[in-house]
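K.L.:
Got a structure for you, query_30.cif, holding mmCIF, C-alpha atoms, pLDDT in the B column; chains and numbers go by the auth columns.
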data_coords
loop_
_atom_site.group_PDB
_atom_site.id
_atom_site.type_symbol
_atom_site.label_atom_id
_atom_site.label_comp_id
_atom_site.label_asym_id
_atom_site.label_seq_id
_atom_site.Cartn_x
_atom_site.Cartn_y
_atom_site.Cartn_z
_atom_site.B_iso_or_equiv
_atom_site.auth_seq_id
_atom_site.auth_asym_id
ATOM 1 C CA MET A 1 39.549 219.987 171.200 62.00 1388 A
ATOM 2 C CA THR A 2 37.312 222.488 169.416 61.00 1389 A
ATOM 3 C CA ASP A 3 37.190 223.136 165.703 61.00 1390 A
ATOM 4 C CA THR A 4 38.603 226.624 166.402 83.00 1391 A
ATOM 5 C CA GLN A 5 41.582 225.056 168.146 91.00 1392 A
ATOM 6 C CA VAL A 6 42.312 222.756 165.200 93.00 1393 A
ATOM 7 C CA VAL A 7 42.256 225.727 162.826 94.00 1394 A
ATOM 8 C CA GLU A 8 44.541 227.738 165.112 96.00 1395 A
ATOM 9 C CA ASN A 9 46.924 224.810 165.433 96.00 1396 A
ATOM 10 C CA ILE A 10 47.124 224.401 161.659 97.00 1397 A
ATOM 11 C CA SER A 11 47.885 228.103 161.252 97.00 1398 A
ATOM 12 C CA GLY A 12 50.609 227.807 163.881 97.00 1399 A
ATOM 13 C CA VAL A 13 52.195 224.827 162.150 98.00 1400 A
ATOM 14 C CA TYR A 14 52.198 226.650 158.814 98.00 1401 A
ATOM 15 C CA ARG A 15 53.908 229.637 160.457 98.00 1402 A
ATOM 16 C CA ARG A 16 56.584 227.362 161.882 98.00 1403 A
ATOM 17 C CA ILE A 17 57.088 225.665 158.503 98.00 1404 A
ATOM 18 C CA SER A 18 57.425 229.056 156.831 98.00 1405 A
ATOM 19 C CA ASN A 19 59.908 230.354 159.399 98.00 1406 A
ATOM 20 C CA ALA A 20 62.059 227.214 159.197 98.00 1407 A
ATOM 21 C CA ALA A 21 62.030 227.279 155.397 98.00 1408 A
ATOM 22 C CA GLU A 22 62.998 230.925 155.213 97.00 1409 A
ATOM 23 C CA LYS A 23 65.790 230.358 157.738 97.00 1410 A
ATOM 24 C CA ALA A 24 67.187 227.684 155.417 97.00 1411 A
ATOM 25 C CA GLY A 25 66.753 229.813 152.292 98.00 1412 A
ATOM 26 C CA ARG A 26 63.957 227.588 151.001 98.00 1413 A
ATOM 27 C CA ARG A 27 60.450 228.250 149.734 97.00 1414 A
ATOM 28 C CA PRO A 28 57.718 227.305 152.261 97.00 1415 A
ATOM 29 C CA GLU A 29 55.491 226.058 149.432 97.00 1416 A
ATOM 30 C CA ASP A 30 58.054 223.350 148.653 97.00 1417 A
ATOM 31 C CA ILE A 31 57.279 221.586 151.946 98.00 1418 A
ATOM 32 C CA LYS A 32 54.166 219.405 152.105 98.00 1419 A
ATOM 33 C CA LEU A 33 52.298 219.180 155.405 98.00 1420 A
ATOM 34 C CA ILE A 34 50.989 215.683 156.093 98.00 1421 A
ATOM 35 C CA ALA A 35 48.414 215.715 158.887 98.00 1422 A
ATOM 36 C CA VAL A 36 48.815 212.477 160.831 97.00 1423 A
ATOM 37 C CA THR A 37 45.379 211.209 161.805 95.00 1424 A
ATOM 38 C CA LYS A 38 46.337 208.090 163.746 92.00 1425 A
ATOM 39 C CA THR A 39 43.644 207.672 166.471 91.00 1426 A
ATOM 40 C CA VAL A 40 42.072 211.012 165.447 92.00 1427 A
ATOM 41 C CA GLY A 41 38.298 211.052 165.155 89.00 1428 A
ATOM 42 C CA ILE A 42 36.338 211.773 161.990 87.00 1429 A
ATOM 43 C CA GLN A 43 35.097 215.158 163.172 87.00 1430 A
ATOM 44 C CA HIS A 44 38.573 216.567 163.788 90.00 1431 A
ATOM 45 C CA ILE A 45 39.741 215.310 160.406 91.00 1432 A
ATOM 46 C CA LYS A 46 36.746 216.993 158.797 88.00 1433 A
ATOM 47 C CA GLU A 47 37.681 220.220 160.586 90.00 1434 A
ATOM 48 C CA ALA A 48 41.196 219.961 159.177 93.00 1435 A
ATOM 49 C CA ILE A 49 39.791 219.462 155.670 90.00 1436 A
ATOM 50 C CA ASP A 50 37.526 222.477 156.117 89.00 1437 A
ATOM 51 C CA ALA A 51 40.628 224.445 157.174 91.00 1438 A
ATOM 52 C CA GLY A 52 42.328 223.572 153.904 92.00 1439 A
ATOM 53 C CA LEU A 53 44.472 220.516 154.641 95.00 1440 A
ATOM 54 C CA ARG A 54 44.538 218.000 151.810 94.00 1441 A
ATOM 55 C CA ILE A 55 47.189 215.386 152.700 96.00 1442 A
ATOM 56 C CA PHE A 56 46.592 212.949 155.556 96.00 1443 A
ATOM 57 C CA GLY A 57 48.796 210.195 156.935 97.00 1444 A
ATOM 58 C CA GLU A 58 47.770 206.935 158.574 97.00 1445 A
ATOM 59 C CA SER A 59 49.908 204.269 160.217 96.00 1446 A
ATOM 60 C CA LYS A 60 47.546 201.302 159.975 95.00 1447 A
ATOM 61 C CA VAL A 61 45.762 200.041 156.897 96.00 1448 A
ATOM 62 C CA GLN A 62 42.565 198.989 158.666 92.00 1449 A
ATOM 63 C CA GLU A 63 42.083 202.274 160.523 91.00 1450 A
ATOM 64 C CA ALA A 64 42.778 204.159 157.307 92.00 1451 A
ATOM 65 C CA ARG A 65 40.209 202.173 155.335 91.00 1452 A
ATOM 66 C CA GLU A 66 37.423 203.084 157.740 87.00 1453 A
ATOM 67 C CA LYS A 67 38.268 206.767 157.469 88.00 1454 A
ATOM 68 C CA ILE A 68 38.924 206.920 153.738 86.00 1455 A
ATOM 69 C CA GLN A 69 35.631 205.214 152.969 81.00 1456 A
ATOM 70 C CA ASP A 70 33.665 207.526 155.283 74.00 1457 A
ATOM 71 C CA SER A 71 31.158 209.520 153.237 58.00 1458 A
ATOM 72 C CA ARG A 72 31.906 212.703 155.178 63.00 1459 A
ATOM 73 C CA PHE A 73 35.215 212.998 153.316 61.00 1460 A
ATOM 74 C CA LYS A 74 33.564 213.060 149.912 62.00 1461 A
ATOM 75 C CA ILE A 75 33.838 216.825 149.590 57.00 1462 A
ATOM 76 C CA GLN A 76 33.104 218.301 146.193 50.00 1463 A
ATOM 77 C CA GLY A 77 36.207 219.814 144.647 53.00 1464 A
ATOM 78 C CA ALA A 78 38.522 218.629 147.434 65.00 1465 A
ATOM 79 C CA ASP A 79 41.486 216.623 146.177 83.00 1466 A
ATOM 80 C CA ILE A 80 42.288 214.582 149.293 90.00 1467 A
ATOM 81 C CA GLN A 81 45.432 212.475 149.409 94.00 1468 A
ATOM 82 C CA TRP A 82 46.056 209.639 151.856 95.00 1469 A
ATOM 83 C CA HIS A 83 49.571 208.474 152.689 98.00 1470 A
ATOM 84 C CA LEU A 84 50.584 205.313 154.514 98.00 1471 A
ATOM 85 C CA ILE A 85 53.331 206.336 156.932 98.00 1472 A
ATOM 86 C CA GLY A 86 53.448 203.201 159.089 97.00 1473 A
ATOM 87 C CA HIS A 87 55.003 199.779 158.579 96.00 1474 A
ATOM 88 C CA LEU A 88 53.316 197.726 155.863 97.00 1475 A
ATOM 89 C CA GLN A 89 53.019 193.951 155.986 96.00 1476 A
ATOM 90 C CA LYS A 90 52.941 192.101 152.684 97.00 1477 A
ATOM 91 C CA ASN A 91 49.548 190.562 153.452 97.00 1478 A
ATOM 92 C CA LYS A 92 48.034 194.068 153.551 97.00 1479 A
ATOM 93 C CA ALA A 93 49.717 195.343 150.400 98.00 1480 A
ATOM 94 C CA LYS A 94 46.653 194.803 148.202 98.00 1481 A
ATOM 95 C CA THR A 95 44.485 197.012 150.405 97.00 1482 A
ATOM 96 C CA ALA A 96 47.256 199.584 150.728 98.00 1483 A
ATOM 97 C CA VAL A 97 47.468 199.895 146.941 98.00 1484 A
ATOM 98 C CA GLU A 98 43.701 200.392 146.802 96.00 1485 A
ATOM 99 C CA LEU A 99 43.722 203.122 149.461 95.00 1486 A
ATOM 100 C CA PHE A 100 46.895 205.169 149.375 97.00 1487 A
ATOM 101 C CA ASP A 101 48.329 207.716 146.979 97.00 1488 A
ATOM 102 C CA LEU A 102 51.811 207.329 148.496 98.00 1489 A
ATOM 103 C CA ILE A 103 53.335 204.578 150.641 98.00 1490 A
ATOM 104 C CA HIS A 104 56.233 205.909 152.736 98.00 1491 A
ATOM 105 C CA SER A 105 57.430 202.627 154.203 98.00 1492 A
ATOM 106 C CA VAL A 106 58.851 200.293 151.544 98.00 1493 A
ATOM 107 C CA ASP A 107 61.838 198.564 153.158 97.00 1494 A
ATOM 108 C CA SER A 108 62.463 195.351 151.213 98.00 1495 A
ATOM 109 C CA ALA A 109 62.474 193.960 147.697 98.00 1496 A
ATOM 110 C CA GLU A 110 59.808 191.412 148.662 98.00 1497 A
ATOM 111 C CA LEU A 111 57.418 194.138 149.804 98.00 1498 A
ATOM 112 C CA ALA A 112 58.126 196.252 146.723 98.00 1499 A
ATOM 113 C CA GLU A 113 57.458 193.303 144.411 98.00 1500 A
ATOM 114 C CA THR A 114 54.195 192.539 146.213 98.00 1501 A
ATOM 115 C CA ILE A 115 53.054 196.146 145.904 98.00 1502 A
ATOM 116 C CA ASN A 116 54.017 196.145 142.241 98.00 1503 A
ATOM 117 C CA LYS A 117 51.989 192.977 141.626 98.00 1504 A
ATOM 118 C CA TYR A 118 48.812 194.446 143.115 98.00 1505 A
ATOM 119 C CA ALA A 119 49.378 197.810 141.435 98.00 1506 A
ATOM 120 C CA GLU A 120 49.612 196.064 138.077 98.00 1507 A
ATOM 121 C CA LYS A 121 46.331 194.247 138.736 98.00 1508 A
ATOM 122 C CA ALA A 122 44.731 197.564 139.698 98.00 1509 A
ATOM 123 C CA GLY A 123 46.049 199.310 136.598 98.00 1510 A
ATOM 124 C CA LYS A 124 47.926 201.756 138.800 97.00 1511 A
ATOM 125 C CA THR A 125 51.474 203.011 139.220 98.00 1512 A
ATOM 126 C CA GLN A 126 51.979 203.069 142.971 98.00 1513 A
ATOM 127 C CA LYS A 127 54.093 205.922 144.289 98.00 1514 A
ATOM 128 C CA VAL A 128 56.402 204.901 147.136 98.00 1515 A
ATOM 129 C CA LEU A 129 59.191 206.108 149.381 98.00 1516 A
ATOM 130 C CA ILE A 130 61.903 203.855 150.735 98.00 1517 A
ATOM 131 C CA GLN A 131 62.147 203.860 154.519 98.00 1518 A
ATOM 132 C CA VAL A 132 65.751 203.982 155.717 98.00 1519 A
ATOM 133 C CA LYS A 133 66.766 202.907 159.208 97.00 1520 A
ATOM 134 C CA LEU A 134 69.500 205.229 160.460 97.00 1521 A
ATOM 135 C CA SER A 135 69.379 204.423 164.185 91.00 1522 A
ATOM 136 C CA ASP A 136 70.042 201.297 166.240 88.00 1523 A
ATOM 137 C CA GLU A 137 66.543 201.226 167.751 85.00 1524 A
ATOM 138 C CA ILE A 138 65.071 197.747 167.516 84.00 1525 A
ATOM 139 C CA SER A 139 61.550 199.161 167.208 82.00 1526 A
ATOM 140 C CA LYS A 140 62.336 201.066 164.007 86.00 1527 A
ATOM 141 C CA TYR A 141 61.774 199.597 160.556 95.00 1528 A
ATOM 142 C CA GLY A 142 63.658 200.387 157.380 97.00 1529 A
ATOM 143 C CA ILE A 143 66.401 199.256 155.053 97.00 1530 A
ATOM 144 C CA LEU A 144 69.921 199.740 156.389 97.00 1531 A
ATOM 145 C CA LYS A 145 71.746 202.538 154.616 96.00 1532 A
ATOM 146 C CA ASN A 146 74.488 200.206 153.391 96.00 1533 A
ATOM 147 C CA ASN A 147 71.854 198.173 151.529 97.00 1534 A
ATOM 148 C CA LEU A 148 69.925 201.111 150.096 97.00 1535 A
ATOM 149 C CA VAL A 149 71.576 201.382 146.687 96.00 1536 A
ATOM 150 C CA GLU A 150 71.285 197.644 146.133 96.00 1537 A
ATOM 151 C CA LEU A 151 67.571 197.760 146.963 96.00 1538 A
ATOM 152 C CA ILE A 152 66.934 200.645 144.595 96.00 1539 A
ATOM 153 C CA LYS A 153 68.775 198.855 141.800 95.00 1540 A
ATOM 154 C CA GLU A 154 66.681 195.747 142.459 95.00 1541 A
ATOM 155 C CA ILE A 155 63.272 197.395 142.456 96.00 1542 A
ATOM 156 C CA GLY A 156 63.894 200.442 140.270 93.00 1543 A
ATOM 157 C CA GLY A 157 62.769 198.595 137.165 93.00 1544 A
ATOM 158 C CA LEU A 158 59.389 197.476 138.511 96.00 1545 A
ATOM 159 C CA LYS A 159 56.891 198.835 136.014 96.00 1546 A
ATOM 160 C CA ASN A 160 54.052 199.631 138.394 97.00 1547 A
ATOM 161 C CA LEU A 161 56.208 201.148 141.134 97.00 1548 A
ATOM 162 C CA SER A 162 57.477 204.729 141.146 97.00 1549 A
ATOM 163 C CA ILE A 163 60.150 205.525 143.744 97.00 1550 A
ATOM 164 C CA LYS A 164 59.764 209.161 144.707 97.00 1551 A
ATOM 165 C CA GLY A 165 62.265 209.502 147.542 98.00 1552 A
ATOM 166 C CA LEU A 166 63.272 208.423 151.046 98.00 1553 A
ATOM 167 C CA MET A 167 61.762 208.421 154.525 98.00 1554 A
ATOM 168 C CA THR A 168 63.231 208.026 157.994 98.00 1555 A
ATOM 169 C CA ILE A 169 62.169 208.153 161.642 97.00 1556 A
ATOM 170 C CA PRO A 170 65.007 209.124 163.996 96.00 1557 A
ATOM 171 C CA PRO A 171 64.953 208.388 167.724 94.00 1558 A
ATOM 172 C CA PHE A 172 62.916 210.754 169.878 93.00 1559 A
ATOM 173 C CA PHE A 173 64.969 213.505 171.510 95.00 1560 A
ATOM 174 C CA GLU A 174 63.783 216.223 173.873 95.00 1561 A
ATOM 175 C CA ASN A 175 66.222 218.515 172.093 97.00 1562 A
ATOM 176 C CA PRO A 176 65.376 218.456 168.360 97.00 1563 A
ATOM 177 C CA GLU A 177 68.925 219.468 167.504 98.00 1564 A
ATOM 178 C CA SER A 178 69.951 215.935 168.467 97.00 1565 A
ATOM 179 C CA ALA A 179 68.002 214.624 165.464 97.00 1566 A
ATOM 180 C CA ARG A 180 69.701 216.934 162.989 98.00 1567 A
ATOM 181 C CA HIS A 181 72.433 214.530 161.885 97.00 1568 A
ATOM 182 C CA TYR A 182 69.839 211.849 161.020 98.00 1569 A
ATOM 183 C CA PHE A 183 68.029 214.257 158.728 98.00 1570 A
ATOM 184 C CA ARG A 184 71.283 215.438 157.194 98.00 1571 A
ATOM 185 C CA GLU A 185 72.334 211.848 156.605 98.00 1572 A
ATOM 186 C CA LEU A 186 69.100 211.012 154.760 98.00 1573 A
ATOM 187 C CA ARG A 187 69.492 214.070 152.541 98.00 1574 A
ATOM 188 C CA THR A 188 73.084 213.069 151.774 98.00 1575 A
ATOM 189 C CA LEU A 189 71.993 209.535 150.893 97.00 1576 A
ATOM 190 C CA ARG A 190 69.366 210.866 148.492 97.00 1577 A
ATOM 191 C CA ASP A 191 71.772 213.307 146.870 97.00 1578 A
ATOM 192 C CA ASN A 192 74.435 210.631 146.428 96.00 1579 A
ATOM 193 C CA ILE A 193 71.946 208.236 144.837 95.00 1580 A
ATOM 194 C CA ASN A 194 70.784 210.959 142.458 95.00 1581 A
ATOM 195 C CA GLU A 195 74.372 211.638 141.445 94.00 1582 A
ATOM 196 C CA LEU A 196 74.860 207.937 140.731 90.00 1583 A
ATOM 197 C CA ARG A 197 71.631 207.914 138.653 88.00 1584 A
ATOM 198 C CA VAL A 198 70.880 204.516 140.142 83.00 1585 A
ATOM 199 C CA THR A 199 67.270 204.363 139.026 76.00 1586 A
ATOM 200 C CA GLY A 200 67.440 206.516 135.939 73.00 1587 A
ATOM 201 C CA CYS A 201 65.072 208.937 137.669 78.00 1588 A
ATOM 202 C CA GLU A 202 65.491 211.593 140.312 85.00 1589 A
ATOM 203 C CA LEU A 203 64.509 210.999 143.942 96.00 1590 A
ATOM 204 C CA ARG A 204 62.940 214.263 145.031 97.00 1591 A
ATOM 205 C CA GLU A 205 61.114 213.609 148.280 98.00 1592 A
ATOM 206 C CA LEU A 206 62.493 213.483 151.821 98.00 1593 A
ATOM 207 C CA SER A 207 59.791 212.512 154.321 98.00 1594 A
ATOM 208 C CA MET A 208 61.257 213.387 157.706 98.00 1595 A
ATOM 209 C CA GLY A 209 60.335 215.425 160.734 98.00 1596 A
ATOM 210 C CA MET A 210 57.465 215.213 163.215 98.00 1597 A
ATOM 211 C CA THR A 211 55.941 217.538 165.792 97.00 1598 A
ATOM 212 C CA ASN A 212 59.021 217.686 168.000 96.00 1599 A
ATOM 213 C CA ASP A 213 61.661 218.147 165.319 98.00 1600 A
ATOM 214 C CA PHE A 214 60.121 219.139 161.973 98.00 1601 A
ATOM 215 C CA GLU A 215 61.721 222.577 161.888 98.00 1602 A
ATOM 216 C CA VAL A 216 65.192 221.041 162.069 98.00 1603 A
ATOM 217 C CA ALA A 217 64.143 218.529 159.385 98.00 1604 A
ATOM 218 C CA ILE A 218 63.066 221.384 157.097 98.00 1605 A
ATOM 219 C CA GLU A 219 66.393 223.122 157.626 98.00 1606 A
ATOM 220 C CA GLU A 220 68.063 219.885 156.488 98.00 1607 A
ATOM 221 C CA GLY A 221 65.942 219.479 153.371 98.00 1608 A
ATOM 222 C CA ALA A 222 62.639 217.794 154.288 98.00 1609 A
ATOM 223 C CA THR A 223 60.036 218.038 151.541 98.00 1610 A
ATOM 224 C CA MET A 224 57.342 216.309 153.628 98.00 1611 A
ATOM 225 C CA VAL A 225 56.747 216.661 157.356 98.00 1612 A
ATOM 226 C CA ARG A 226 54.395 214.364 159.257 98.00 1613 A
ATOM 227 C CA ILE A 227 52.539 216.317 161.951 98.00 1614 A
ATOM 228 C CA GLY A 228 49.904 214.935 164.296 97.00 1615 A
ATOM 229 C CA THR A 229 50.180 216.217 167.862 96.00 1616 A
ATOM 230 C CA ALA A 230 50.809 219.861 166.933 97.00 1617 A
ATOM 231 C CA ILE A 231 47.541 219.813 164.959 97.00 1618 A
ATOM 232 C CA PHE A 232 45.216 217.475 166.854 95.00 1619 A
ATOM 233 C CA GLY A 233 46.681 217.566 170.374 91.00 1620 A
ATOM 234 C CA GLU A 234 48.301 214.984 172.610 83.00 1621 A
ATOM 235 C CA ARG A 235 47.191 211.386 172.358 69.00 1622 A
ATOM 236 C CA LYS A 236 46.337 209.361 175.426 54.00 1623 A
ATOM 237 C CA TYR A 237 49.107 206.816 175.167 44.00 1624 A
ATOM 238 C CA CYS A 238 52.861 207.002 175.324 36.00 1625 A
ATOM 239 C CA CYS A 239 55.318 206.538 172.464 40.00 1626 A
ATOM 240 C CA ARG A 240 56.790 208.715 169.764 45.00 1627 A
ATOM 241 C CA GLU A 241 54.154 210.969 168.295 47.00 1628 A
ATOM 242 C CA ALA A 242 54.034 212.350 164.786 61.00 1629 A
#
Please lay out the structure from this file as structure tokens.
P.N.:
Amino acid sequence: MTDTQVVENISGVYRRISNAAEKAGRRPEDIKLIAVTKTVGIQHIKEAIDAGLRIFGESKVQEAREKIQDSRFKIQGADIQWHLIGHLQKNKAKTAVELFDLIHSVDSAELAETINKYAEKAGKTQKVLIQVKLSDEISKYGILKNNLVELIKEIGGLKNLSIKGLMTIPPFFENPESARHYFRELRTLRDNINELRVTGCELRELSMGMTNDFEVAIEEGATMVRIGTAIFGERKYCCREA
């Protein structure tokens, strides 16, 4: 893929975000585009930065560390954010706290407490989302929706953890409309928790929607969409793509 193609793809994604937002009566600027760089080479990421993207998502801590520490990303005046969008094991929490501005995949009290411990040592308040499992797929991670309020009550008081919202990954459907009820359900969960004032703070973010279904997710309230294939092209292996 050429640098021109990456730029054109980014412009196309922004147009689709804008159209979906306007259809839903929302402001396009209220939706954050997270460019998913899993398996993407340094040069293409640099092209995306040059094109104006500032938020990047990685699924694996080790791959992210190599990219984040690469000197080619040290661009003067560029405020780059890195988000962890994949499953996080407790034994990698220390590195995740060092690397990421936002962790999307907190799914247990044990993981939250571990993150909080390392954030305290680092003198940092770690921003996180809680990943909610809304499907029956064995391969998906996340807290079950019936346990969500209990988890938030348990970890909401951790001093070096700031819960910003919720994340989910629905099953892959050829027809994106089939994913709509998962997105609607996550929005309803967030709104209900905010009404209960469970944490004493408002959960604003909904991280949901990927290349195949992000327009539907925006219509249902997504504030963050995680896009990889529509920006950087198809990957060479099978499985659900961002």
K.L.:
Could you check which of A:Leu1516, A:Ile1525, A:Val1393, A:Ala1411 is closest to A:Gly1608, using all atoms listed in the file?
P.N.:
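For A:Gly1608, the nearest of the given residues is A:Ala1411.
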K.L.:
Determine the residue membership of the PyMOL selection byres ((chain A and resi 1491) around 10) for the file above and supply it as a PyMOL selection string.
P.N.:
chain A and resi 1444+1446+1470-1475+1487-1490+1492-1494+1514-1518+1550-1555+1593-1594
K.L.:
Which is closest to A:Glu1416 among A:Glu1564, A:Arg1402, A:Ile1429, A:Thr1512, if we use all atoms listed in the file?
P.N.:
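Ranking A:Glu1564, A:Arg1402, A:Ile1429, A:Thr1512 by distance to A:Glu1416, first place goes to A:Arg1402.
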K.L.:
Nearest to A:Arg1403: which of A:Glu1541, A:Leu1420, A:Ile1455, A:Met1595 is it, counting only C-alpha atoms?
P.N.:
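Of A:Glu1541, A:Leu1420, A:Ile1455, A:Met1595, the one nearest A:Arg1403, counting only C-alpha atoms, is A:Leu1420.
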K.L.:
For the provided coordinates, the residues matched by the PyMOL selection byres ((chain A and resi 1529) around 7) should be stated as a PyMOL selection string.
P.N.:
chain A and resi 1494+1518-1520+1527-1528+1530-1531
K.L.:
Counting only C-alpha atoms, which of A:Lys1419, A:His1431, A:His1568, A:Lys1447 gets nearest to A:Ala1483?
P.N.:
A:Lys1447
K.L.:
Which is closer to A:Glu1395 than all the others in A:Glu1445, A:Asp1417, A:Glu1434, A:Glu1409, using all atoms listed in the file?
P.N.:
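Checking each of A:Glu1445, A:Asp1417, A:Glu1434, A:Glu1409 against A:Glu1395, counting all atoms listed in the file, the winner is A:Glu1434.
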K.L.:
Measure the distance from atom CA of A:Lys1479 to atom CA of A:Gln1456 in Å and round it to one decimal.
P.N.:
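Computed distance, atom CA of A:Lys1479 to atom CA of A:Gln1456, equals 16.7 Å.
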K.L.:
Rounded to one decimal place, report the atom CA of A:Leu1548-atom CA of A:Leu1521 distance in Å.
P.N.:
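If I compute the distance from atom CA of A:Leu1548 to atom CA of A:Leu1521, I get 23.8 Å.
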K.L.:
Around all listed atoms of stretch 1549-1566 of chain A, padded 6 Å per side, what centre and edge lengths does the axis-aligned box have in Å to one decimal, as lines of an AutoDock Vina configuration file?
P.N.:
center_x = 63.7
center_y = 212.1
center_z = 157.5
size_x = 24.5
size_y = 26.7
size_z = 44.7
K.L.:
Can you work out the spacing between atom CA of A:Phe1560 and atom CA of A:Leu1440 in Å, to one decimal?
P.N.:
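These atoms are spaced 27.5 Å apart.
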K.L.:
Looking at all atoms listed in the file, which of A:Arg1413, A:Lys1546, A:Lys1540, A:Arg1567 is the one that sits closest to A:Ala1496?
P.N.:
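Selected residue with least distance to A:Ala1496: A:Lys1540.
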